[in-house]
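Enquirer: The structure under discussion is supplied below as structure tokens; questions concerning it will follow.
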Amino acid sequence: MTARLIDGNALSRQIRADVARRAAALTAQGLTPGLAVILVGDNPASQVYVRNKVKACQDNGLHSVLEHYPATLSEADLLSRVQALNQDPTIHGILVQLPLPPHIDAHKVIETISPLKDVDGFHVASAGALMVGQSGFKPCTPYGCMKMLESIGCDPKGKHAVVIGRSNIVGKPMALMLLQAHATITICHSATPDLAHHTRQADIVVVAVGRRNVLTADMVKPGAVVLDVGMNRTDDGKLCGDVDFDGVSKVASAITPVPGGVGPMTITMLLVNTLEAAERAAQMR
Ligand code: GUN
């Protein structure tokens, strides 16, 4: 079998066109959706991510501000910036890029963001809403994964989904979203003794570990759908995911590439969340 490619760039273009149309409609009513992105320090990967987020806003008619602070910024100063943005009527979404320098408590910062502006979906109120099935902002990466499944007509209902990775950003919310979509869930992680035993039973595998070749062809049931959240580099410097793409694409029925898979969808869902935050703000005027 040669797997169908789930093209995150093509799906992003479709969704972003809809975002741009709705953003223009809000702007015509005098309310341009606005995202504030805060970067602390000089982590090179974070700099690329935030630049891409800001550019995606600009390209789709959203207002964005990037606040870049030195790694020496105090926690108290960061908290007061977040509080000011909570009160700023031109800002509908606030994103503090992680990781933060070690002297800053990321949980404290995230809990200071108003849940109404928590477009990353990291606040405990957003996580709790997802847990109990209430409406709230969904973390962008797993939200993008759900859209990718939908785009190929893969309904998780009744399927067995295996999520590898248990982070608060991807693994845990991914499992909850699949559960809400009526899949049977297995969450695997670094202490799981026989990973292949679980993945071989999966109709859907989501890999979010951050290490190359975590999932190889022999670990995949023929016809499974494989979503690769990883972002790594090969020895010769090329971008690659967590999945052995060449091998697994011969066994799976559909697979996301890296680059051009989940990555662009993460930013797309950030735009969707920011737009929806602004639409809610417009309704409350
Ligand atoms: N660091 C890595 N991924 C993310 C993300 O989606 N949001 C934020 N704020 N930081 C990150």
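Ordering of the structure tokens sets the chain letters (A, B, ...), residue numbers begin anew at 1 in every chain, and ligands are numbered from 1 in the order given.
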Neighbours of ligand 1 at 8 Å or closer, counting only C-alpha atoms and all ligand atoms: which residues, as a list of chain:residue names?

Expert: A:Ser46, A:Tyr49, A:Leu95, A:Val96, A:Gln97, A:Leu98, A:Pro99, A:Asp120, A:Pro139, A:Cys140, A:Thr141, A:Ile169, A:Thr266

Enquirer: When you look at segment 179-190 of chain A with a cut-off of 12 Å (counting only C-alpha atoms), what residues show up, excluding the ones that are within fewer than 5 positions of it in the same chain? I need them as a PyMOL selection string.

Expert: chain A and resi 129-134+143+146-147+149-150+154-167+170-174+195-211+214

Enquirer: Within 7 Å of His63 of chain A, counting only C-alpha atoms, which residues qualify if same-chain residues fewer than 3 places away don't, as a PDB file with N, CA, C and O atoms, in the first residue's frame?

Expert:
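After the write, result_7.pdb holds the following:
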```pdb
ATOM      1  N   THR A  32     -10.851  44.622  14.172  1.00  0.00           N
ATOM      2  CA  THR A  32      -9.880  43.730  13.533  1.00  0.00           C
ATOM      3  C   THR A  32      -9.364  42.735  14.569  1.00  0.00           C
ATOM      4  O   THR A  32      -8.897  43.153  15.637  1.00  0.00           O
ATOM      5  N   PRO A  33      -9.463  41.422  14.270  1.00  0.00           N
ATOM      6  CA  PRO A  33      -8.945  40.438  15.238  1.00  0.00           C
ATOM      7  C   PRO A  33      -7.467  40.688  15.514  1.00  0.00           C
ATOM      8  O   PRO A  33      -6.694  40.923  14.575  1.00  0.00           O
ATOM      9  N   GLY A  34      -7.070  40.636  16.781  1.00  0.00           N
ATOM     10  CA  GLY A  34      -5.689  40.955  17.134  1.00  0.00           C
ATOM     11  C   GLY A  34      -5.053  39.880  18.000  1.00  0.00           C
ATOM     12  O   GLY A  34      -5.665  39.388  18.956  1.00  0.00           O
ATOM     13  N   LEU A  35      -3.814  39.519  17.656  1.00  0.00           N
ATOM     14  CA  LEU A  35      -3.051  38.529  18.421  1.00  0.00           C
ATOM     15  C   LEU A  35      -1.782  39.182  18.961  1.00  0.00           C
ATOM     16  O   LEU A  35      -1.049  39.828  18.210  1.00  0.00           O
ATOM     17  N   CYS A  57      -0.673  35.910  10.608  1.00  0.00           N
ATOM     18  CA  CYS A  57      -1.702  36.914  10.951  1.00  0.00           C
ATOM     19  C   CYS A  57      -1.741  37.993   9.883  1.00  0.00           C
ATOM     20  O   CYS A  57      -2.809  38.309   9.340  1.00  0.00           O
ATOM     21  N   GLN A  58      -0.578  38.535   9.571  1.00  0.00           N
ATOM     22  CA  GLN A  58      -0.511  39.617   8.583  1.00  0.00           C
ATOM     23  C   GLN A  58      -1.086  39.172   7.245  1.00  0.00           C
ATOM     24  O   GLN A  58      -1.828  39.912   6.602  1.00  0.00           O
TER      25      GLN A  58
END
```

Enquirer: Do you have the atom CA of Leu275 of chain A-atom CA of Leu62 of chain A distance handy?

Expert: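 A separation of 8.0 Å between them.
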
Enquirer: Of the candidates A:Ile91, A:Val229, A:Cys240, A:Val251, which shows the shortest atom-to-atom distance to Thr274 of chain A, using only C-alpha atoms?

Expert: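 Of A:Ile91, A:Val229, A:Cys240, A:Val251, the one nearest Thr274 of chain A is A:Ile91, counting only C-alpha atoms.
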
Enquirer: So how far away is atom CA of Val48 of chain A from atom CA of Ala20 of chain A, in Å?

Expert: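 We find that atom CA of Ala20 of chain A and atom CA of Val48 of chain A lie 22.6 Å from each other.
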
Enquirer: What separation in Å, quoted to one decimal, exists between atom CA of Ser151 of chain A and atom CA of Ile6 of chain A?

Expert: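 Going from atom CA of Ser151 of chain A over to atom CA of Ile6 of chain A covers 8.2 Å.
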
Enquirer: Write out as a ChimeraX atom specification all residues of segment 41-273 of chain A that backbone DSSP assigns to alpha helix (DSSP H).

Expert: /A:44-59,75-87,106-112,124-132,140-151,171-180,195-199,245-248,262-273

Enquirer: Let me make sure I understand: among A:Phe137, A:Gln83, A:Arg280, A:Gly144, which one has the smallest atom-to-atom distance to Ile15 of chain A if we use only C-alpha atoms?

Expert: A:Gly144

Enquirer: Within 10 Å of Glu276 of chain A, counting only C-alpha atoms, which residues qualify if same-chain residues fewer than 4 places away don't, as number ranges by chain?

Expert: A: 19, 22-23, 33, 92-93, 117, 119, 137, 270-272, 280-282

Enquirer: Would you list, as a PyMOL selection string, the residues of segment 7-221 of chain A that end up in strand (DSSP E) under DSSP run on this structure's backbone?

Expert: chain A and resi 34-40+63-69+93-96+160-164+184-188+204-207
